[in-house]
>>> print(open('final_21.pdb').read())   # PDB, C-alpha atoms
ATOM      1  CA  MET L 282       0.000   0.000   0.000  1.00  0.00           C
ATOM      2  CA  THR L 283       1.301   3.460  -0.775  1.00  0.00           C
ATOM      3  CA  GLU L 284       2.277   5.902   1.939  1.00  0.00           C
ATOM      4  CA  GLU L 285      -0.655   8.119   0.919  1.00  0.00           C
ATOM      5  CA  ALA L 286      -3.093   5.266   1.519  1.00  0.00           C
ATOM      6  CA  LYS L 287      -1.621   4.558   4.945  1.00  0.00           C
ATOM      7  CA  THR L 288      -1.753   8.170   6.109  1.00  0.00           C
ATOM      8  CA  GLY L 289      -5.042   9.129   4.510  1.00  0.00           C
ATOM      9  CA  GLU L 290      -3.425  12.186   2.912  1.00  0.00           C
ATOM     10  CA  PRO L 291      -4.742  12.936  -0.578  1.00  0.00           C
ATOM     11  CA  GLN L 292      -2.378  12.430  -3.480  1.00  0.00           C
ATOM     12  CA  THR L 293      -1.331  15.520  -5.401  1.00  0.00           C
ATOM     13  CA  ASP L 294      -0.861  13.690  -8.712  1.00  0.00           C
ATOM     14  CA  PRO L 295      -3.541  11.314 -10.000  1.00  0.00           C
ATOM     15  CA  ALA L 296      -2.243   7.771 -10.286  1.00  0.00           C
ATOM     16  CA  VAL L 297      -3.632   4.343 -10.895  1.00  0.00           C
ATOM     17  CA  SER L 298      -3.814   2.321  -7.705  1.00  0.00           C
ATOM     18  CA  VAL L 299      -3.128  -1.404  -7.939  1.00  0.00           C
ATOM     19  CA  VAL L 300      -3.603  -3.527  -4.830  1.00  0.00           C
ATOM     20  CA  GLY L 301      -2.440  -7.099  -5.259  1.00  0.00           C
ATOM     21  CA  PRO L 302      -3.906 -10.170  -3.574  1.00  0.00           C
ATOM     22  CA  ASP L 303      -1.380  -9.976  -0.725  1.00  0.00           C
ATOM     23  CA  ASP L 304      -1.497  -6.179  -0.368  1.00  0.00           C
ATOM     24  CA  GLY L 305      -3.715  -3.769   1.503  1.00  0.00           C
ATOM     25  CA  GLU L 306      -4.038  -2.705   5.093  1.00  0.00           C
ATOM     26  CA  THR L 307      -5.201  -5.465   7.458  1.00  0.00           C
ATOM     27  CA  ILE L 308      -7.625  -4.669  10.263  1.00  0.00           C
ATOM     28  CA  VAL L 309      -8.507  -7.429  12.720  1.00  0.00           C
ATOM     29  CA  LEU L 310     -11.666  -7.014  14.790  1.00  0.00           C
ATOM     30  CA  GLY L 311     -12.127 -10.195  16.775  1.00  0.00           C
ATOM     31  CA  THR L 312     -13.232 -12.923  14.380  1.00  0.00           C
ATOM     32  CA  THR L 313     -13.535 -10.517  11.452  1.00  0.00           C
ATOM     33  CA  HIS L 314     -10.487  -9.865   9.278  1.00  0.00           C
ATOM     34  CA  MET L 315     -10.714  -6.861   6.990  1.00  0.00           C
ATOM     35  CA  ARG L 316      -8.355  -5.966   4.152  1.00  0.00           C
ATOM     36  CA  VAL L 317      -8.648  -2.330   3.107  1.00  0.00           C
ATOM     37  CA  LEU L 318      -8.204  -2.214  -0.661  1.00  0.00           C
ATOM     38  CA  GLU L 319      -8.886   1.508  -1.042  1.00  0.00           C
ATOM     39  CA  ASP L 320      -9.120   3.879   1.907  1.00  0.00           C
ATOM     40  CA  GLY L 321     -10.156   6.873  -0.171  1.00  0.00           C
ATOM     41  CA  SER L 322      -6.698   8.322  -0.720  1.00  0.00           C
ATOM     42  CA  HIS L 323      -6.828   7.451  -4.448  1.00  0.00           C
ATOM     43  CA  THR L 324     -10.453   8.494  -4.996  1.00  0.00           C
ATOM     44  CA  GLY L 325     -10.517  11.994  -3.563  1.00  0.00           C
ATOM     45  CA  HIS L 326     -12.151  10.381  -0.506  1.00  0.00           C
ATOM     46  CA  ARG L 327     -15.314   9.631  -2.503  1.00  0.00           C
ATOM     47  CA  LEU L 328     -15.041   5.836  -2.188  1.00  0.00           C
ATOM     48  CA  ALA L 329     -13.407   3.226   0.048  1.00  0.00           C
ATOM     49  CA  ILE L 330     -13.405  -0.541  -0.537  1.00  0.00           C
ATOM     50  CA  ALA L 331     -12.649  -3.383   1.871  1.00  0.00           C
ATOM     51  CA  GLU L 332     -12.751  -7.165   1.767  1.00  0.00           C
ATOM     52  CA  SER L 333     -13.946  -8.795   4.989  1.00  0.00           C
ATOM     53  CA  VAL L 334     -13.762 -12.401   6.092  1.00  0.00           C
ATOM     54  CA  LEU L 335     -16.322 -13.259   8.759  1.00  0.00           C
ATOM     55  CA  ALA L 336     -15.514 -16.432  10.659  1.00  0.00           C
ATOM     56  CA  PRO L 337     -18.349 -18.909  11.279  1.00  0.00           C
ATOM     57  CA  HIS L 338     -20.857 -17.702  13.886  1.00  0.00           C
ATOM     58  CA  THR L 339     -19.606 -14.100  13.813  1.00  0.00           C
ATOM     59  CA  GLN L 340     -22.011 -11.532  15.146  1.00  0.00           C
ATOM     60  CA  GLY L 341     -21.744  -8.167  13.454  1.00  0.00           C
ATOM     61  CA  PRO L 342     -22.083  -4.700  14.923  1.00  0.00           C
ATOM     62  CA  PRO L 343     -25.187  -3.545  16.758  1.00  0.00           C
ATOM     63  CA  GLN L 344     -27.876  -2.355  14.369  1.00  0.00           C
ATOM     64  CA  HIS L 345     -26.981   1.203  13.390  1.00  0.00           C
ATOM     65  CA  ARG L 346     -27.592   4.080  10.957  1.00  0.00           C
ATOM     66  CA  HIS L 347     -25.082   6.126   8.981  1.00  0.00           C
ATOM     67  CA  ALA L 348     -26.066   9.764   8.546  1.00  0.00           C
ATOM     68  CA  ARG L 349     -23.812  10.563   5.599  1.00  0.00           C
ATOM     69  CA  HIS L 350     -22.662   7.524   3.708  1.00  0.00           C
ATOM     70  CA  ASP L 351     -23.914   4.664   1.617  1.00  0.00           C
ATOM     71  CA  GLU L 352     -22.606   1.192   2.352  1.00  0.00           C
ATOM     72  CA  GLY L 353     -22.549  -1.658  -0.133  1.00  0.00           C
ATOM     73  CA  PHE L 354     -21.877  -5.343   0.491  1.00  0.00           C
ATOM     74  CA  TYR L 355     -21.160  -7.838  -2.282  1.00  0.00           C
ATOM     75  CA  ILE L 356     -21.021 -11.438  -1.064  1.00  0.00           C
ATOM     76  CA  LEU L 357     -18.005 -13.203  -2.588  1.00  0.00           C
ATOM     77  CA  SER L 358     -18.583 -16.494  -0.747  1.00  0.00           C
ATOM     78  CA  GLY L 359     -20.778 -17.914   1.978  1.00  0.00           C
ATOM     79  CA  THR L 360     -23.982 -16.504   3.406  1.00  0.00           C
ATOM     80  CA  VAL L 361     -24.361 -13.300   5.401  1.00  0.00           C
ATOM     81  CA  ARG L 362     -27.551 -12.488   7.330  1.00  0.00           C
ATOM     82  CA  PHE L 363     -28.481  -8.825   6.976  1.00  0.00           C
ATOM     83  CA  THR L 364     -31.015  -7.353   9.369  1.00  0.00           C
ATOM     84  CA  VAL L 365     -32.515  -4.131   8.053  1.00  0.00           C
ATOM     85  CA  GLY L 366     -34.927  -2.704  10.564  1.00  0.00           C
ATOM     86  CA  ASP L 367     -37.166  -5.676  11.431  1.00  0.00           C
ATOM     87  CA  GLU L 368     -36.480  -7.654   8.246  1.00  0.00           C
ATOM     88  CA  ASP L 369     -33.869 -10.404   7.793  1.00  0.00           C
ATOM     89  CA  TYR L 370     -32.233 -11.175   4.440  1.00  0.00           C
ATOM     90  CA  ASP L 371     -29.862 -14.072   3.821  1.00  0.00           C
ATOM     91  CA  ALA L 372     -27.411 -12.852   1.183  1.00  0.00           C
ATOM     92  CA  THR L 373     -25.593 -15.673  -0.608  1.00  0.00           C
ATOM     93  CA  THR L 374     -22.657 -15.675  -3.019  1.00  0.00           C
ATOM     94  CA  GLY L 375     -23.208 -13.161  -5.814  1.00  0.00           C
ATOM     95  CA  THR L 376     -25.689 -10.998  -3.874  1.00  0.00           C
ATOM     96  CA  LEU L 377     -25.296  -7.225  -3.563  1.00  0.00           C
ATOM     97  CA  VAL L 378     -26.835  -5.402  -0.598  1.00  0.00           C
ATOM     98  CA  MET L 379     -26.886  -1.584  -0.764  1.00  0.00           C
ATOM     99  CA  VAL L 380     -27.696   0.344   2.404  1.00  0.00           C
ATOM    100  CA  PRO L 381     -28.495   4.051   1.942  1.00  0.00           C
ATOM    101  CA  PRO L 382     -27.947   6.676   4.659  1.00  0.00           C
ATOM    102  CA  ARG L 383     -30.275   6.600   7.683  1.00  0.00           C
ATOM    103  CA  THR L 384     -31.283   2.959   7.113  1.00  0.00           C
ATOM    104  CA  PRO L 385     -30.960   0.770  10.245  1.00  0.00           C
ATOM    105  CA  HIS L 386     -28.858  -2.325   9.517  1.00  0.00           C
ATOM    106  CA  THR L 387     -26.477  -4.961  10.787  1.00  0.00           C
ATOM    107  CA  PHE L 388     -25.062  -8.249   9.519  1.00  0.00           C
ATOM    108  CA  ALA L 389     -23.755 -11.566  10.840  1.00  0.00           C
ATOM    109  CA  ASN L 390     -22.428 -14.894   9.655  1.00  0.00           C
ATOM    110  CA  LEU L 391     -24.686 -17.439  11.341  1.00  0.00           C
ATOM    111  CA  THR L 392     -23.340 -20.409   9.385  1.00  0.00           C
ATOM    112  CA  ASP L 393     -20.661 -23.031  10.040  1.00  0.00           C
ATOM    113  CA  ARG L 394     -18.517 -21.720   7.145  1.00  0.00           C
ATOM    114  CA  PRO L 395     -16.565 -18.482   6.664  1.00  0.00           C
ATOM    115  CA  ALA L 396     -18.190 -15.741   4.617  1.00  0.00           C
ATOM    116  CA  VAL L 397     -16.315 -13.210   2.484  1.00  0.00           C
ATOM    117  CA  MET L 398     -17.751  -9.898   1.374  1.00  0.00           C
ATOM    118  CA  LEU L 399     -16.544  -6.844  -0.473  1.00  0.00           C
ATOM    119  CA  SER L 400     -17.746  -3.598   1.104  1.00  0.00           C
ATOM    120  CA  THR L 401     -17.929  -0.098  -0.320  1.00  0.00           C
ATOM    121  CA  PHE L 402     -18.226   3.123   1.642  1.00  0.00           C
ATOM    122  CA  THR L 403     -19.217   6.342  -0.119  1.00  0.00           C
ATOM    123  CA  PRO L 404     -17.710   8.606   0.994  1.00  0.00           C
ATOM    124  CA  ASP L 405     -14.699   6.903   2.562  1.00  0.00           C
ATOM    125  CA  LEU L 406     -15.009   8.249   6.116  1.00  0.00           C
ATOM    126  CA  TYR L 407     -16.015   4.950   7.748  1.00  0.00           C
ATOM    127  CA  VAL L 408     -12.643   3.222   7.210  1.00  0.00           C
ATOM    128  CA  GLN L 409     -11.214   5.280  10.068  1.00  0.00           C
ATOM    129  CA  TYR L 410     -13.939   3.873  12.362  1.00  0.00           C
ATOM    130  CA  PHE L 411     -12.555   0.357  11.822  1.00  0.00           C
ATOM    131  CA  ARG L 412      -9.029   1.609  12.495  1.00  0.00           C
ATOM    132  CA  GLU L 413     -10.232   3.121  15.782  1.00  0.00           C
ATOM    133  CA  LEU L 414     -11.848  -0.136  16.875  1.00  0.00           C
ATOM    134  CA  GLN L 415      -8.626  -2.015  16.133  1.00  0.00           C
ATOM    135  CA  GLU L 416      -6.695   0.533  18.241  1.00  0.00           C
ATOM    136  CA  VAL L 417      -9.028  -0.080  21.172  1.00  0.00           C
ATOM    137  CA  LEU L 418      -8.407  -3.823  20.951  1.00  0.00           C
ATOM    138  CA  GLY L 419      -4.673  -3.333  20.307  1.00  0.00           C
ATOM    139  CA  ASP L 420      -4.349  -1.203  23.431  1.00  0.00           C
ATOM    140  CA  GLY L 421      -5.814  -4.075  25.439  1.00  0.00           C
ATOM    141  CA  ARG L 422      -9.038  -2.222  26.157  1.00  0.00           C
ATOM    142  CA  PRO L 423     -12.298  -4.127  25.852  1.00  0.00           C
ATOM    143  CA  LEU L 424     -14.508  -3.272  22.923  1.00  0.00           C
ATOM    144  CA  THR L 425     -17.521  -2.464  25.058  1.00  0.00           C
ATOM    145  CA  PRO L 426     -20.847  -1.406  23.567  1.00  0.00           C
ATOM    146  CA  GLN L 427     -20.144   2.133  24.840  1.00  0.00           C
ATOM    147  CA  ALA L 428     -16.676   2.217  23.230  1.00  0.00           C
ATOM    148  CA  ASN L 429     -18.291   1.128  19.946  1.00  0.00           C
ATOM    149  CA  ILE L 430     -21.024   3.779  20.232  1.00  0.00           C
ATOM    150  CA  ASP L 431     -18.432   6.451  21.053  1.00  0.00           C
ATOM    151  CA  ALA L 432     -16.404   5.533  17.957  1.00  0.00           C
ATOM    152  CA  MET L 433     -19.523   5.432  15.758  1.00  0.00           C
ATOM    153  CA  SER L 434     -20.491   8.940  16.845  1.00  0.00           C
ATOM    154  CA  ARG L 435     -17.257  10.345  15.391  1.00  0.00           C
ATOM    155  CA  TYR L 436     -18.307   9.086  11.920  1.00  0.00           C
ATOM    156  CA  PRO L 437     -21.927  10.343  11.773  1.00  0.00           C
ATOM    157  CA  THR L 438     -23.304   6.952  12.833  1.00  0.00           C
ATOM    158  CA  GLU L 439     -25.629   6.056  15.677  1.00  0.00           C
ATOM    159  CA  PRO L 440     -27.142   2.891  17.124  1.00  0.00           C
ATOM    160  CA  ALA L 441     -30.623   2.094  15.822  1.00  0.00           C
ATOM    161  CA  THR L 442     -32.071   1.627  19.293  1.00  0.00           C
ATOM    162  CA  ASP L 443     -35.601   1.442  17.896  1.00  0.00           C
ATOM    163  CA  HIS L 444     -34.555  -1.818  16.140  1.00  0.00           C
ATOM    164  CA  ALA L 445     -32.404  -3.519  18.768  1.00  0.00           C
TER
END
>>> encode(input="final_21.pdb", output="structure tokens")
Amino acid sequence: MTEEAKTGEPQTDPAVSVVGPDDGETIVLGTTHMRVLEDGSHTGHRLAIAESVLAPHTQGPPQHRHARHDEGFYILSGTVRFTVGDEDYDATTGTLVMVPPRTPHTFANLTDRPAVMLSTFTPDLYVQYFRELQEVLGDGRPLTPQANIDAMSRYPTEPATDHA
């Protein structure tokens, strides 16, 4: 990954970004392993892309809403359960789930097999949220619900307490 991608500083000269299969920034959040393919530094911060591997029986984040960004999930393998408000959707390989701003949502891998998904964030601001969560865990602090809520609030996101 380029230095610009690591620091989040915008590039001054446009350049093609190529991230190979063993490249990208790795973020580990418990049983979820994320590989940041584009953190926004090559897209003028309009788009970020990450690949996530959810281990079997991985619960996702609490149901939440983003105030300012769209989130997309393309299932590369396995099955991911998306809960949107009060509705559940089992997304299998080849399924795209797009979540617009202010829509309550969460996801989980309830199966006995890993699931892999490609996620998009437009704009890119939510990648830093995942970095913050990894710092909490890396510092040996527990990732409590309050620590998660505090981090979410810095990236115009809030728990969807009406759909707990």
>>> resolve_selection(input="final_21.pdb", expression="the PyMOL selection byres ((chain L and resi 360) around 10)", output="list of chain:residue names")
L:Leu335, L:Pro337, L:Ile356, L:Leu357, L:Ser358, L:Gly359, L:Val361, L:Arg362, L:Phe363, L:Tyr370, L:Asp371, L:Ala372, L:Thr373, L:Thr374, L:Gly375, L:Thr376, L:Ala389, L:Asn390, L:Leu391, L:Thr392, L:Asp393, L:Arg394, L:Pro395, L:Ala396, L:Val397, L:Met398
>>> residues_around(input="final_21.pdb", residues="Ile330 (chain L)", least_positions_apart="6", cutoff="8 Å", atoms="only C-alpha atoms", output="VMD selection string")
chain L and resid 317 to 320 399 to 402
>>> atom_distance(input="final_21.pdb", atom1="CA of Pro342 (chain L)", atom2="CA of Gly325 (chain L)")
27.5 Å
>>> resolve_selection(input="final_21.pdb", expression="the PyMOL selection byres ((chain L and resi 297-314) around 8)", output="ChimeraX atom specification")
/L:282,287,295-296,315-319,323,333-336,339,411-412,414-415,418
>>> residues_around(input="final_21.pdb", residues="Asp351 (chain L)", least_positions_apart="6", cutoff="8 Å", atoms="all atoms listed in the file", output="PyMOL selection string")
chain L and resi 379-382+401-404
>>> resolve_selection(input="final_21.pdb", expression="the PyMOL selection byres ((chain L and resi 365) around 6)", output="list in words")
Thr364, Gly366, Asp367, Glu368, Pro385 and His386 of chain L
>>> residues_around(input="final_21.pdb", residues="Asp405 (chain L)", least_positions_apart="4", cutoff="6 Å", atoms="all atoms listed in the file", output="ChimeraX atom specification")
/L:321,326-329
>>> atom_distance(input="final_21.pdb", atom1="CA of Ser322 (chain L)", atom2="CA of Tyr407 (chain L)")
13.0 Å
>>> atom_distance(input="final_21.pdb", atom1="CA of Arg346 (chain L)", atom2="CA of Ala432 (chain L)")
13.3 Å
>>> closest_residue(input="final_21.pdb", among="L:Phe354, L:Tyr410, L:Phe388, L:Asp443", to="Ile430 (chain L)", atoms="all atoms listed in the file")
L:Tyr410
>>> decode(input="final_21.pdb", residues="region 388-402 of chain L", atoms="all heavy atoms", output="compact mmCIF listing (two decimals), in the first residue's frame")
# COMPACT_ATOMS: atom_id res chain seq x y z
N PHE L 388 -25.30 -7.00 10.25
CA PHE L 388 -25.06 -8.25 9.52
C PHE L 388 -24.36 -9.23 10.43
O PHE L 388 -23.77 -8.86 11.45
CB PHE L 388 -24.24 -8.01 8.25
CG PHE L 388 -22.91 -7.36 8.52
CD1 PHE L 388 -21.80 -8.11 8.86
CD2 PHE L 388 -22.78 -5.98 8.46
CE1 PHE L 388 -20.58 -7.51 9.13
CE2 PHE L 388 -21.57 -5.37 8.72
CZ PHE L 388 -20.47 -6.14 9.05
N ALA L 389 -24.41 -10.51 10.07
CA ALA L 389 -23.75 -11.57 10.84
C ALA L 389 -23.56 -12.78 9.95
O ALA L 389 -24.27 -12.96 8.96
CB ALA L 389 -24.61 -11.95 12.05
N ASN L 390 -22.60 -13.60 10.31
CA ASN L 390 -22.43 -14.89 9.66
C ASN L 390 -22.91 -15.94 10.65
O ASN L 390 -22.22 -16.24 11.61
CB ASN L 390 -20.97 -15.14 9.28
CG ASN L 390 -20.76 -16.52 8.66
OD1 ASN L 390 -21.71 -17.26 8.43
ND2 ASN L 390 -19.51 -16.87 8.41
N LEU L 391 -24.08 -16.47 10.43
CA LEU L 391 -24.69 -17.44 11.34
C LEU L 391 -24.37 -18.88 10.97
O LEU L 391 -24.81 -19.80 11.65
CB LEU L 391 -26.20 -17.24 11.36
CG LEU L 391 -26.69 -15.82 11.70
CD1 LEU L 391 -28.21 -15.75 11.65
CD2 LEU L 391 -26.16 -15.37 13.05
N THR L 392 -23.58 -19.07 9.91
CA THR L 392 -23.34 -20.41 9.39
C THR L 392 -22.08 -21.04 9.99
O THR L 392 -21.36 -20.41 10.75
CB THR L 392 -23.20 -20.37 7.85
OG1 THR L 392 -21.93 -19.79 7.51
CG2 THR L 392 -24.34 -19.59 7.21
N ASP L 393 -21.84 -22.28 9.60
CA ASP L 393 -20.66 -23.03 10.04
C ASP L 393 -19.47 -22.82 9.12
O ASP L 393 -18.44 -23.48 9.29
CB ASP L 393 -20.98 -24.54 10.11
CG ASP L 393 -21.99 -24.86 11.18
OD1 ASP L 393 -22.02 -24.15 12.21
OD2 ASP L 393 -22.76 -25.83 11.00
N ARG L 394 -19.59 -21.95 8.12
CA ARG L 394 -18.52 -21.72 7.14
C ARG L 394 -18.16 -20.24 7.12
O ARG L 394 -19.03 -19.39 7.36
CB ARG L 394 -18.98 -22.15 5.76
CG ARG L 394 -19.43 -23.61 5.74
CD ARG L 394 -19.69 -24.03 4.37
NE ARG L 394 -18.36 -24.17 3.74
CZ ARG L 394 -18.12 -25.00 2.76
NH1 ARG L 394 -19.08 -25.72 2.25
NH2 ARG L 394 -16.91 -25.10 2.25
N PRO L 395 -16.92 -19.90 6.79
CA PRO L 395 -16.57 -18.48 6.66
C PRO L 395 -17.37 -17.83 5.55
O PRO L 395 -17.82 -18.49 4.62
CB PRO L 395 -15.08 -18.51 6.30
CG PRO L 395 -14.60 -19.87 6.63
CD PRO L 395 -15.79 -20.79 6.54
N ALA L 396 -17.55 -16.54 5.66
CA ALA L 396 -18.19 -15.74 4.62
C ALA L 396 -17.24 -14.61 4.25
O ALA L 396 -16.56 -14.05 5.12
CB ALA L 396 -19.52 -15.18 5.09
N VAL L 397 -17.19 -14.28 2.96
CA VAL L 397 -16.32 -13.21 2.48
C VAL L 397 -17.18 -12.21 1.74
O VAL L 397 -18.00 -12.59 0.89
CB VAL L 397 -15.21 -13.76 1.55
CG1 VAL L 397 -14.28 -12.62 1.10
CG2 VAL L 397 -14.41 -14.87 2.24
N MET L 398 -16.99 -10.93 2.07
CA MET L 398 -17.75 -9.90 1.37
C MET L 398 -16.85 -8.72 1.04
O MET L 398 -15.87 -8.45 1.73
CB MET L 398 -18.96 -9.46 2.18
CG MET L 398 -18.68 -8.87 3.52
SD MET L 398 -20.25 -8.54 4.37
CE MET L 398 -19.63 -7.81 5.88
N LEU L 399 -17.20 -8.06 -0.04
CA LEU L 399 -16.54 -6.84 -0.47
C LEU L 399 -17.47 -5.70 -0.09
O LEU L 399 -18.66 -5.72 -0.42
CB LEU L 399 -16.35 -6.89 -1.99
CG LEU L 399 -15.42 -5.86 -2.60
CD1 LEU L 399 -14.00 -6.08 -2.12
CD2 LEU L 399 -15.49 -5.94 -4.11
N SER L 400 -16.93 -4.72 0.64
CA SER L 400 -17.75 -3.60 1.10
C SER L 400 -17.27 -2.30 0.48
O SER L 400 -16.07 -2.09 0.30
CB SER L 400 -17.65 -3.46 2.63
OG SER L 400 -18.10 -4.62 3.27
N THR L 401 -18.24 -1.44 0.17
CA THR L 401 -17.93 -0.10 -0.32
C THR L 401 -18.51 0.91 0.66
O THR L 401 -19.55 0.68 1.27
CB THR L 401 -18.52 0.15 -1.72
OG1 THR L 401 -19.95 0.01 -1.67
CG2 THR L 401 -17.94 -0.82 -2.73
N PHE L 402 -17.79 2.03 0.78
CA PHE L 402 -18.23 3.12 1.64
C PHE L 402 -18.11 4.41 0.83
O PHE L 402 -17.03 4.75 0.35
CB PHE L 402 -17.33 3.23 2.88
CG PHE L 402 -17.08 1.91 3.56
CD1 PHE L 402 -15.93 1.19 3.30
CD2 PHE L 402 -18.00 1.38 4.44
CE1 PHE L 402 -15.69 -0.03 3.92
CE2 PHE L 402 -17.78 0.16 5.06
CZ PHE L 402 -16.62 -0.55 4.80
